[in-house]
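coords-v4.txt (compact mmCIF, C-alpha atoms) appears below.
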```
# COMPACT_ATOMS: atom_id res chain seq x y z
CA MET A 232 200.15 127.13 100.81
CA ALA A 233 203.79 128.05 100.24
CA ILE A 234 206.82 129.01 102.30
CA THR A 235 208.71 130.87 99.55
CA VAL A 236 207.65 133.41 96.95
CA ASN A 237 208.94 131.22 94.11
CA ALA A 238 206.88 128.29 95.34
CA ALA A 239 203.82 130.53 95.66
CA PHE A 240 204.11 131.73 92.07
CA LYS A 241 204.68 128.21 90.78
CA GLU A 242 201.56 127.01 92.58
CA PHE A 243 199.52 130.02 91.46
CA LEU A 244 200.50 129.61 87.81
CA GLY A 245 199.90 125.87 87.87
CA GLU A 246 196.53 125.86 89.59
CA TYR A 247 194.85 129.17 88.75
CA VAL A 248 196.49 130.89 85.77
CA ASN A 249 197.86 128.48 83.17
CA LEU A 250 195.59 126.09 81.35
CA ASP A 251 195.49 122.50 82.57
CA SER A 252 197.71 120.40 80.30
CA LYS A 253 195.24 117.50 80.07
CA GLU A 254 192.41 119.88 79.17
CA THR A 255 194.63 121.52 76.56
CA THR A 256 195.39 118.17 74.93
CA LEU A 257 191.70 117.25 74.90
CA ALA A 258 190.75 120.63 73.45
CA ARG A 259 193.25 120.30 70.60
CA SER A 260 192.01 116.81 69.81
CA SER A 261 188.39 117.99 69.82
CA ARG A 262 189.34 120.97 67.61
CA ASP A 263 191.12 118.74 65.09
CA TRP A 264 188.15 116.37 64.92
CA LEU A 265 185.82 119.31 64.31
CA LEU A 266 187.97 120.55 61.45
CA GLU A 267 187.92 117.08 59.89
CA GLN A 268 184.12 117.16 59.89
CA ILE A 269 184.02 120.62 58.28
CA LEU A 270 186.42 119.55 55.53
CA ARG A 271 183.88 116.88 54.56
CA PHE A 272 180.99 119.34 54.16
CA PRO A 273 181.52 120.11 50.44
CA SER A 274 181.31 116.41 49.53
CA ARG A 275 178.30 115.81 51.77
CA HIS A 276 176.30 118.97 51.04
CA LEU A 277 175.92 120.35 47.51
CA ASP A 278 174.99 123.79 48.88
CA PHE A 279 178.25 124.16 50.83
CA PRO A 280 181.03 126.28 49.28
CA ALA A 281 184.30 124.80 48.05
CA LEU A 282 187.03 124.93 50.67
CA TYR A 283 190.66 125.98 50.44
CA SER A 284 192.14 123.92 53.26
CA ASN A 285 195.75 124.99 52.61
CA VAL A 286 195.05 128.28 54.40
CA ASN A 287 193.14 126.93 57.40
CA ILE A 288 194.62 128.45 60.54
CA HIS A 289 194.09 128.31 64.29
CA TYR A 290 194.30 131.74 65.86
CA GLY A 291 193.55 133.63 69.05
CA SER A 292 195.14 133.36 72.47
CA PHE A 293 194.80 129.57 72.67
CA ALA A 294 196.84 129.20 69.47
CA ARG A 295 199.39 131.76 70.72
CA ARG A 296 199.63 129.96 74.10
CA THR A 297 198.60 133.07 76.03
CA LYS A 298 195.19 131.82 77.15
CA ILE A 299 194.44 131.62 80.86
CA ARG A 300 191.95 129.57 82.81
CA GLU A 301 189.21 128.76 82.36
CA LEU A 302 189.41 127.66 78.73
CA ASP A 303 186.34 129.19 77.14
CA ASP A 304 186.86 129.30 73.38
CA LEU A 305 189.05 128.12 70.53
CA ASP A 306 189.23 130.04 67.26
CA MET A 307 189.83 128.82 63.74
CA ILE A 308 189.65 130.27 60.25
CA VAL A 309 188.39 127.83 57.63
CA GLY A 310 189.60 128.71 54.15
CA ILE A 311 187.03 129.19 51.36
CA SER A 312 187.90 128.97 47.66
CA ALA A 313 187.42 132.41 46.11
CA LEU A 314 186.91 131.07 42.57
CA GLY A 315 187.55 134.43 40.93
CA THR A 316 185.88 136.55 43.61
CA THR A 317 187.52 139.98 43.93
CA TYR A 318 187.66 142.43 46.82
CA LEU A 319 187.73 146.17 47.38
CA ASP A 320 189.13 147.62 50.60
CA ASP A 321 187.97 151.16 51.40
CA GLY A 322 190.03 151.32 54.61
CA ASN A 323 187.15 150.35 56.90
CA THR A 324 185.21 147.61 55.14
CA VAL A 325 186.11 145.05 52.51
CA GLN A 326 183.49 144.29 49.88
CA MET A 327 183.78 141.05 47.94
CA THR A 328 182.30 140.77 44.44
CA VAL A 329 181.38 137.33 43.13
CA PRO A 330 181.45 136.78 39.34
CA ASP A 331 178.48 135.35 37.43
CA GLY A 332 178.09 131.61 37.38
CA ILE A 333 179.99 130.99 40.64
CA ALA A 334 178.32 128.99 43.43
CA LEU A 335 179.22 131.70 45.94
CA ARG A 336 176.55 133.87 44.26
CA ALA A 337 174.04 132.03 46.46
CA PHE A 338 175.54 133.84 49.46
CA CYS A 339 175.35 137.38 48.10
CA HIS A 340 173.27 140.26 49.39
CA ASP A 341 169.88 140.31 47.66
CA GLY A 342 170.02 141.78 44.17
CA THR A 343 173.79 142.28 44.22
CA ALA A 344 177.03 140.44 43.49
CA LEU A 345 178.41 141.40 46.93
CA LEU A 346 179.18 138.43 49.16
CA ASN A 347 177.19 138.41 52.41
CA SER A 348 179.36 137.08 55.24
CA ARG A 349 176.37 136.37 57.46
CA ARG A 350 174.84 134.03 54.90
CA LEU A 351 178.11 132.15 54.61
CA ILE A 352 178.38 131.80 58.38
CA ASN A 353 174.78 130.59 58.56
CA LYS A 354 175.64 127.79 56.14
CA PHE A 355 178.31 126.60 58.57
CA VAL A 356 175.76 126.74 61.38
CA MET A 357 173.25 124.73 59.34
CA HIS A 358 175.59 121.88 58.51
CA LEU A 359 177.35 121.72 61.85
CA ALA A 360 173.93 120.78 63.18
CA ASP A 361 173.92 117.83 60.75
CA VAL A 362 176.95 116.24 62.44
CA PRO A 363 175.45 113.50 64.68
CA GLN A 364 177.94 114.12 67.48
CA TYR A 365 176.80 117.76 67.66
CA LYS A 366 173.05 117.11 67.80
CA LEU A 367 172.78 118.13 71.45
CA SER A 368 175.12 121.09 71.08
CA GLN A 369 174.20 124.76 70.81
CA ILE A 370 175.16 126.12 67.40
CA LYS A 371 174.57 129.71 66.35
CA ARG A 372 175.99 132.67 64.48
CA ASN A 373 177.59 135.25 66.74
CA GLY A 374 179.12 138.25 65.03
CA ALA A 375 181.88 137.07 62.73
CA ALA A 376 181.77 133.38 63.63
CA ALA A 377 179.73 130.22 63.72
CA VAL A 378 179.84 129.27 67.40
CA LEU A 379 179.67 125.64 68.48
CA ASN A 380 179.04 125.06 72.20
CA LEU A 381 179.56 121.42 73.07
CA LYS A 382 177.57 120.04 75.99
CA SER A 383 180.45 117.78 77.02
CA TYR A 384 183.12 120.51 77.26
CA THR A 385 183.45 123.87 78.96
CA TRP A 386 184.78 125.56 75.84
CA SER A 387 183.19 126.60 72.57
CA PHE A 388 184.57 126.82 69.04
CA ASP A 389 184.48 130.03 67.01
CA ILE A 390 184.55 128.95 63.36
CA VAL A 391 185.30 131.80 60.97
CA PRO A 392 185.08 131.45 57.17
CA GLY A 393 187.96 133.22 55.48
CA PHE A 394 189.50 133.96 52.12
CA PHE A 395 193.20 134.29 51.36
CA THR A 396 194.37 137.06 49.06
CA THR A 397 196.96 137.02 46.33
CA PRO A 398 199.94 139.30 47.01
CA GLU A 399 199.05 143.00 46.94
CA ALA A 400 201.29 145.74 45.51
CA ASP A 401 203.54 145.64 48.58
CA GLY A 402 203.82 141.86 48.42
CA ARG A 403 201.63 141.24 51.46
CA THR A 404 198.89 138.65 51.62
CA PHE A 405 195.92 138.76 53.98
CA TYR A 406 193.05 136.77 55.36
CA ILE A 407 189.63 138.30 54.66
CA ILE A 408 187.08 137.37 57.32
CA PRO A 409 183.56 138.51 58.32
CA ASP A 410 183.25 141.90 60.00
CA GLY A 411 180.12 140.96 61.96
CA ASN A 412 177.94 143.27 59.85
CA GLY A 413 177.54 141.27 56.67
CA HIS A 414 180.73 142.42 54.93
CA TRP A 415 184.41 141.66 55.45
CA ILE A 416 187.67 142.87 56.99
CA LYS A 417 191.35 142.09 56.56
CA THR A 418 193.45 140.35 59.17
CA ASP A 419 196.58 138.22 59.43
CA PRO A 420 196.88 135.97 62.49
CA ARG A 421 200.20 134.69 61.19
CA ILE A 422 201.80 137.99 62.21
CA ASP A 423 200.39 137.85 65.73
CA GLN A 424 201.56 134.27 66.18
CA ALA A 425 205.06 134.99 64.88
CA HIS A 426 205.26 138.17 66.96
CA THR A 427 204.41 136.38 70.20
CA ARG A 428 206.67 133.42 69.41
CA ASP A 429 209.67 135.54 68.44
CA VAL A 430 209.50 137.87 71.44
CA ASN A 431 209.10 134.93 73.80
CA GLN A 432 212.02 133.05 72.23
CA ASN A 433 214.22 136.15 72.37
CA HIS A 434 213.65 136.15 76.13
CA ASP A 435 214.38 132.44 76.61
CA GLY A 436 210.71 131.51 76.86
CA ASN A 437 210.03 133.68 79.92
CA VAL A 438 207.48 136.09 78.46
CA LEU A 439 204.39 133.88 78.15
CA ASN A 440 203.96 133.42 81.90
CA VAL A 441 204.20 137.19 82.37
CA ILE A 442 201.47 137.75 79.77
CA ARG A 443 199.23 135.19 81.44
CA LEU A 444 199.77 136.67 84.90
CA ILE A 445 198.97 140.16 83.64
CA LYS A 446 195.83 138.83 81.99
CA TYR A 447 194.81 137.33 85.33
CA TRP A 448 195.55 140.63 87.06
CA ASN A 449 193.48 142.46 84.43
CA ARG A 450 190.51 140.17 85.07
CA ARG A 451 190.23 141.18 88.74
CA PRO A 452 187.38 143.60 89.53
CA THR A 453 189.72 146.32 90.75
CA MET A 454 189.59 148.46 87.59
CA PRO A 455 188.07 148.54 84.09
CA SER A 456 189.32 145.63 81.98
CA MET A 457 191.48 145.89 78.91
CA SER A 458 190.95 143.50 76.03
CA SER A 459 193.11 140.41 76.11
CA TYR A 460 194.67 141.36 72.78
CA LEU A 461 195.50 144.88 73.94
CA ILE A 462 197.32 143.48 76.98
CA GLU A 463 199.35 141.14 74.81
CA CYS A 464 200.37 143.89 72.43
CA ILE A 465 201.47 146.19 75.27
CA VAL A 466 203.46 143.51 77.10
CA LEU A 467 205.10 142.29 73.88
CA ARG A 468 206.08 145.84 72.98
CA TYR A 469 207.70 146.23 76.40
CA TYR A 470 209.85 143.14 75.86
CA GLU A 471 210.65 144.05 72.27
CA ASN A 472 212.29 147.24 73.51
CA LEU A 473 213.95 145.68 76.56
CA GLU A 474 217.73 145.44 76.23
CA THR A 475 218.10 142.80 78.96
CA LYS A 476 216.46 139.38 79.00
CA ALA A 477 213.33 138.61 80.98
CA SER A 478 214.00 136.71 84.19
CA SER A 479 212.82 133.17 84.70
CA PHE A 480 211.61 134.36 88.12
CA VAL A 481 208.33 135.89 87.07
CA ASP A 482 207.87 138.04 90.18
CA ILE A 483 210.89 140.12 89.11
CA GLU A 484 209.04 141.11 85.92
CA ILE A 485 205.74 142.27 87.39
CA ALA A 486 206.63 145.76 88.67
CA PRO A 487 208.33 147.06 85.48
CA VAL A 488 205.63 145.56 83.28
CA LEU A 489 202.84 147.17 85.32
CA ASN A 490 204.62 150.52 85.18
CA TYR A 491 204.93 150.16 81.42
CA ILE A 492 201.24 149.30 81.12
CA ALA A 493 200.31 152.31 83.24
CA ASN A 494 201.92 154.67 80.76
CA ALA A 495 201.15 152.75 77.57
CA VAL A 496 197.42 152.61 78.24
CA LEU A 497 197.23 156.42 78.21
CA SER A 498 198.42 156.53 74.60
CA GLU A 499 197.78 154.95 71.22
CA VAL A 500 198.68 151.29 70.84
CA GLN A 501 199.29 150.45 67.21
CA ASP A 502 198.24 147.11 65.78
CA PRO A 503 201.44 145.08 65.22
CA LYS A 504 199.86 143.69 62.04
CA LYS A 505 199.66 147.26 60.67
CA ILE A 506 196.05 146.69 59.66
CA GLN A 507 193.78 148.10 62.39
CA GLY A 508 195.74 151.19 63.41
CA ASP A 509 195.20 152.23 67.04
CA ILE A 510 193.69 149.31 68.97
CA ASN A 511 193.36 151.21 72.25
CA ILE A 512 189.65 152.07 72.20
CA LEU A 513 189.32 152.56 75.97
CA SER A 514 187.62 155.70 77.21
CA TRP A 515 189.82 158.29 78.90
CA SER A 516 188.24 157.59 82.29
CA ASP A 517 188.99 153.87 81.90
CA ARG A 518 192.56 154.63 80.91
CA VAL A 519 193.07 156.81 84.00
CA ALA A 520 191.58 154.12 86.25
CA ILE A 521 193.89 151.48 84.76
CA PHE A 522 196.86 153.84 85.09
CA SER A 523 196.09 154.33 88.80
CA ARG A 524 195.66 150.62 89.51
CA ALA A 525 198.74 149.58 87.53
CA THR A 526 200.88 152.23 89.22
CA SER A 527 199.60 151.28 92.66
CA ASP A 528 200.14 147.56 92.10
CA ALA A 529 203.60 148.17 90.64
CA GLU A 530 204.51 149.90 93.91
CA LYS A 531 203.18 146.90 95.82
CA ALA A 532 205.21 144.56 93.60
CA VAL A 533 208.35 146.52 94.45
CA ALA A 534 207.52 146.26 98.16
CA ALA A 535 206.97 142.52 97.80
CA ARG A 536 210.36 142.14 96.14
CA VAL A 537 212.05 144.12 98.93
CA ALA A 538 210.41 141.93 101.57
CA GLU A 539 211.58 138.80 99.75
CA LYS A 540 215.15 140.10 99.47
CA ASN A 541 215.07 140.74 103.23
CA GLY A 542 214.06 137.12 103.79
CA ASN A 543 210.51 137.93 104.84
CA HIS A 544 208.60 135.59 102.53
CA ARG A 545 205.45 135.81 104.63
CA GLU A 546 205.19 139.56 104.13
CA SER A 547 206.09 139.28 100.45
CA ILE A 548 203.44 136.64 99.80
CA ASN A 549 200.85 138.68 101.66
CA ILE A 550 201.58 141.68 99.42
CA TRP A 551 201.34 139.56 96.30
CA ARG A 552 197.93 138.39 97.53
CA VAL A 553 196.81 142.02 97.49
CA VAL A 554 197.99 142.37 93.89
CA PHE A 555 196.61 139.08 92.54
CA GLY A 556 193.75 138.35 94.89
CA PRO A 557 192.66 135.63 97.31
CA PHE A 558 193.58 132.69 95.08
CA PHE A 559 197.26 133.58 95.30
CA PRO A 560 198.66 131.02 97.80
CA GLN A 561 198.86 131.91 101.45
CA PHE A 562 202.08 131.61 103.42
CA ALA A 563 202.24 128.13 104.93
```

Structure translated into structure tokens:
Amino acid sequence: MAITVNAAFKEFLGEYVNLDSKETTLARSSRDWLLEQILRFPSRHLDFPALYSNVNIHYGSFARRTKIRELDDLDMIVGISALGTTYLDDGNTVQMTVPDGIALRAFCHDGTALLNSRRLINKFVMHLADVPQYKLSQIKRNGAAAVLNLKSYTWSFDIVPGFFTTPEADGRTFYIIPDGNGHWIKTDPRIDQAHTRDVNQNHDGNVLNVIRLIKYWNRRPTMPSMSSYLIECIVLRYYENLETKASSFVDIEIAPVLNYIANAVLSEVQDPKKIQGDINILSWSDRVAIFSRATSDAEKAVAARVAEKNGNHRESINIWRVVFGPFFPQFA
């Protein structure tokens, strides 16, 4: 319950959108303890590959601070020592070739020197099950990651083995991670993290709450959903090109951001890492549906702002409840 729009948004963000601070602290502690156990695997298991811990990295929306409730997963890349392994990137798939006499040969596709990402992930799955504290947990390979579901927490861990390249001709370095099909792909979560951080800092820290609110809006069953990453990239691009600073009053930002999304979703959205190309893989019918909903809700956001300016907080809050749903606070 709230008597002003600002109070309603503060309550909504605190209780339904942003992650609980205590849960976040617990999740980070649990994540760090998990990584400590993994770093001990090579000394405890002779069949586990040598690690390159200097390149371990936490990634995904939790690491970028754009995750919304409920906390469901935490992502990490665990560095593996390449030991002379080379790679070939054909533009779609990366193939990794392991030299003779290297322990990684045990993880290659049958009869080849090509490293099999599934076999490497399965080794993580096998030895995570050996950690006594994880005996009652569900551990499996899912696509590109070893997934650890702890019985005591609501979230899971996606553990991704990765290699770190030497500088290429243009000076860039990359992470090489599983592609979910037995081979590998390039990525670089450092760019995503720096991108989000820099845009947010350039707008005095006011962008993250907008991203989270738009993610919540996207989750509502009023239209087809965009991927979380696609939303982030679109919203960040909007603020990159904005000449004025984002307001600390988040309701002011919603209408222009939704209008920007409405138009952006109809077109290509290029990967800011300059690796994947166009990341907008939505069908045309989904794009049109999102355009319609975003345009309609942007109009409602404008109406809500007008009502607030006229001192009618009840009407404004009621309109915002149409945009964000029944968990948006009611007027007291």

Can you pull out the residues contacting Asp429 (chain A)? Cut-off 12 Å, using all atoms listed in the file, and skip same-chain residues under 3 positions away; I want them as a VMD selection string. chain A and resid 295 421 to 426 432 to 439 467 to 468 470 to 471

Keeping only C-alpha atoms, write those residues as a PDB file, keeping the file's coordinate frame.
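Contents of result04.pdb, freshly written:
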```pdb
ATOM      1  CA  ARG A 295     199.390 131.760  70.720  1.00  0.00           C
ATOM      2  CA  ARG A 421     200.200 134.690  61.190  1.00  0.00           C
ATOM      3  CA  ILE A 422     201.800 137.990  62.210  1.00  0.00           C
ATOM      4  CA  ASP A 423     200.390 137.850  65.730  1.00  0.00           C
ATOM      5  CA  GLN A 424     201.560 134.270  66.180  1.00  0.00           C
ATOM      6  CA  ALA A 425     205.060 134.990  64.880  1.00  0.00           C
ATOM      7  CA  HIS A 426     205.260 138.170  66.960  1.00  0.00           C
ATOM      8  CA  GLN A 432     212.020 133.050  72.230  1.00  0.00           C
ATOM      9  CA  ASN A 433     214.220 136.150  72.370  1.00  0.00           C
ATOM     10  CA  HIS A 434     213.650 136.150  76.130  1.00  0.00           C
ATOM     11  CA  ASP A 435     214.380 132.440  76.610  1.00  0.00           C
ATOM     12  CA  GLY A 436     210.710 131.510  76.860  1.00  0.00           C
ATOM     13  CA  ASN A 437     210.030 133.680  79.920  1.00  0.00           C
ATOM     14  CA  VAL A 438     207.480 136.090  78.460  1.00  0.00           C
ATOM     15  CA  LEU A 439     204.390 133.880  78.150  1.00  0.00           C
ATOM     16  CA  LEU A 467     205.100 142.290  73.880  1.00  0.00           C
ATOM     17  CA  ARG A 468     206.080 145.840  72.980  1.00  0.00           C
ATOM     18  CA  TYR A 470     209.850 143.140  75.860  1.00  0.00           C
ATOM     19  CA  GLU A 471     210.650 144.050  72.270  1.00  0.00           C
TER      20      GLU A 471
END
```

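Residues in contact with region 247-254 of chain A at up to 9 Å, not including ones fewer than 5 positions away on its chain and judged by only C-alpha atoms, are Glu242, Arg259, Thr297, Lys298, Ile299, Arg300, Glu301, Leu302, Asn440, Arg443, Leu444, Lys446, Tyr447, Phe558 and Phe559 of chain A.
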
Each residue of region 254-326 of chain A lying at most 12 Å from region 484-508 of chain A should get a row with its shortest atom-to-atom pair and the distance in Å to one decimal, counting all atoms listed in the file; could you produce that, ordered by chain and increasing number, as CSV?
```
residue,atom,partner,partner_atom,distance
A:Asp320,CA,A:Ile506,CA,11.4
A:Gly322,CA,A:Ile506,CA,9.1
A:Asn323,CA,A:Gln507,CA,8.9
A:Thr324,CA,A:Gln507,CA,11.2
```

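Nearest residue to Phe405 (chain A) among A:Cys339, A:Leu379, A:Leu351, A:Val325 is A:Val325, counting all atoms listed in the file.
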
Contacts of Phe388 (chain A) at 7 Å or less, counting all atoms listed in the file, minus same-chain residues fewer than 3 places along, as a ChimeraX atom specification? /A:304-306,378-380

Best match for closeness to Arg518 (chain A) among A:Ile550, A:Met454, A:Leu359, A:Cys464, counting all atoms listed in the file: A:Met454

Determine, counting all atoms listed in the file, which protein, DNA and RNA residues have an atom within 12 Å of an atom of Asp331 (chain A); residues of the same chain fewer than 5 positions away are not included. Present the result as a ChimeraX atom specification. /A:314-316,336-337,339,343-345

Would you save the residues of that selection, restricted to C-alpha atoms, as an mmCIF file, in the frame of the given file?
```cif
data_model
loop_
_atom_site.group_PDB
_atom_site.id
_atom_site.type_symbol
_atom_site.label_atom_id
_atom_site.label_comp_id
_atom_site.auth_asym_id
_atom_site.auth_seq_id
_atom_site.Cartn_x
_atom_site.Cartn_y
_atom_site.Cartn_z
ATOM 1 C CA LEU A 314 186.910 131.070 42.570
ATOM 2 C CA GLY A 315 187.550 134.430 40.930
ATOM 3 C CA THR A 316 185.880 136.550 43.610
ATOM 4 C CA ARG A 336 176.550 133.870 44.260
ATOM 5 C CA ALA A 337 174.040 132.030 46.460
ATOM 6 C CA CYS A 339 175.350 137.380 48.100
ATOM 7 C CA THR A 343 173.790 142.280 44.220
ATOM 8 C CA ALA A 344 177.030 140.440 43.490
ATOM 9 C CA LEU A 345 178.410 141.400 46.930
#
```

Just need the box for region 494-510 of chain A, edges along x, y and z, holding every atom the file lists for it with 8 Å tacked onto each side, so centre and edge lengths in Å to one decimal, as AutoDock Vina command-line options.
```
--center_x 197.8 --center_y 150.1 --center_z 70.2 --size_x 24.2 --size_y 28.8 --size_z 37.1
```

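Comparing A:Ala563, A:Ile352, A:Ala238, A:Met357 by their smallest distance to Gly374 (chain A), the closest is A:Ile352 (using all atoms listed in the file).
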
Closest pair table for region 273-318 of chain A residues within 10 Å of region 392-399 of chain A, all atoms listed in the file, as CSV:
```
residue,atom,partner,partner_atom,distance
A:Leu282,CA,A:Pro392,CA,9.4
A:Tyr283,CA,A:Phe394,CA,8.2
A:Asn285,CA,A:Phe395,CA,9.7
A:Val286,CA,A:Phe395,CA,7.0
A:Asn287,CA,A:Gly393,CA,8.4
A:Ile288,CA,A:Gly393,CA,9.6
A:Met307,CA,A:Pro392,CA,8.5
A:Ile308,CA,A:Pro392,CA,5.6
A:Val309,CA,A:Pro392,CA,4.9
A:Gly310,CA,A:Gly393,CA,5.0
A:Ile311,CA,A:Phe394,CA,5.4
A:Ser312,CA,A:Phe394,CA,6.9
A:Ala313,CA,A:Phe394,CA,6.5
A:Thr316,CA,A:Phe394,CA,9.6
A:Thr317,CA,A:Thr396,CA,9.0
A:Tyr318,CA,A:Thr396,CA,8.9
```

Which residue gives the smallest distance to Arg262 (chain A) among A:Ala281, A:Ile390, A:Met327, A:Val362, with all atoms listed in the file counted? A:Ile390

Using the incomplete input, complete region 311-323 of chain A to the level of N, CA, C and O atoms; output as a short mmCIF file (atom, residue, chain, number, x, y, z; two decimals), in the frame of the given file.
```cif
data_model
loop_
_atom_site.label_atom_id
_atom_site.label_comp_id
_atom_site.auth_asym_id
_atom_site.auth_seq_id
_atom_site.Cartn_x
_atom_site.Cartn_y
_atom_site.Cartn_z
N ILE A 311 188.03 129.37 52.41
CA ILE A 311 187.03 129.19 51.36
C ILE A 311 187.68 129.50 50.02
O ILE A 311 188.45 130.46 49.89
N SER A 312 187.37 128.71 49.00
CA SER A 312 187.90 128.97 47.66
C SER A 312 187.20 130.19 47.07
O SER A 312 185.97 130.24 47.00
N ALA A 313 187.99 131.16 46.63
CA ALA A 313 187.42 132.41 46.11
C ALA A 313 186.84 132.25 44.72
O ALA A 313 185.87 132.93 44.36
N LEU A 314 187.43 131.37 43.90
CA LEU A 314 186.91 131.07 42.57
C LEU A 314 186.67 132.33 41.73
O LEU A 314 185.63 132.51 41.11
N GLY A 315 187.65 133.22 41.74
CA GLY A 315 187.55 134.43 40.93
C GLY A 315 186.90 135.61 41.62
O GLY A 315 186.80 136.70 41.02
N THR A 316 186.47 135.44 42.86
CA THR A 316 185.88 136.55 43.61
C THR A 316 186.95 137.62 43.86
O THR A 316 188.09 137.29 44.21
N THR A 317 186.59 138.87 43.71
CA THR A 317 187.52 139.98 43.93
C THR A 317 187.09 140.78 45.15
O THR A 317 185.96 140.65 45.63
N TYR A 318 187.99 141.64 45.63
CA TYR A 318 187.66 142.43 46.82
C TYR A 318 188.11 143.87 46.65
O TYR A 318 189.05 144.17 45.91
N LEU A 319 187.41 144.75 47.36
CA LEU A 319 187.73 146.17 47.38
C LEU A 319 187.78 146.62 48.83
O LEU A 319 186.81 146.47 49.57
N ASP A 320 188.92 147.17 49.23
CA ASP A 320 189.13 147.62 50.60
C ASP A 320 189.08 149.14 50.63
O ASP A 320 189.93 149.81 50.04
N ASP A 321 188.08 149.70 51.33
CA ASP A 321 187.97 151.16 51.40
C ASP A 321 188.63 151.73 52.65
O ASP A 321 188.48 152.91 52.97
N GLY A 322 189.36 150.88 53.38
CA GLY A 322 190.03 151.32 54.61
C GLY A 322 189.28 150.98 55.86
O GLY A 322 189.86 150.91 56.94
N ASN A 323 187.97 150.74 55.75
CA ASN A 323 187.15 150.35 56.90
C ASN A 323 186.47 149.01 56.68
O ASN A 323 186.40 148.18 57.58
#
```
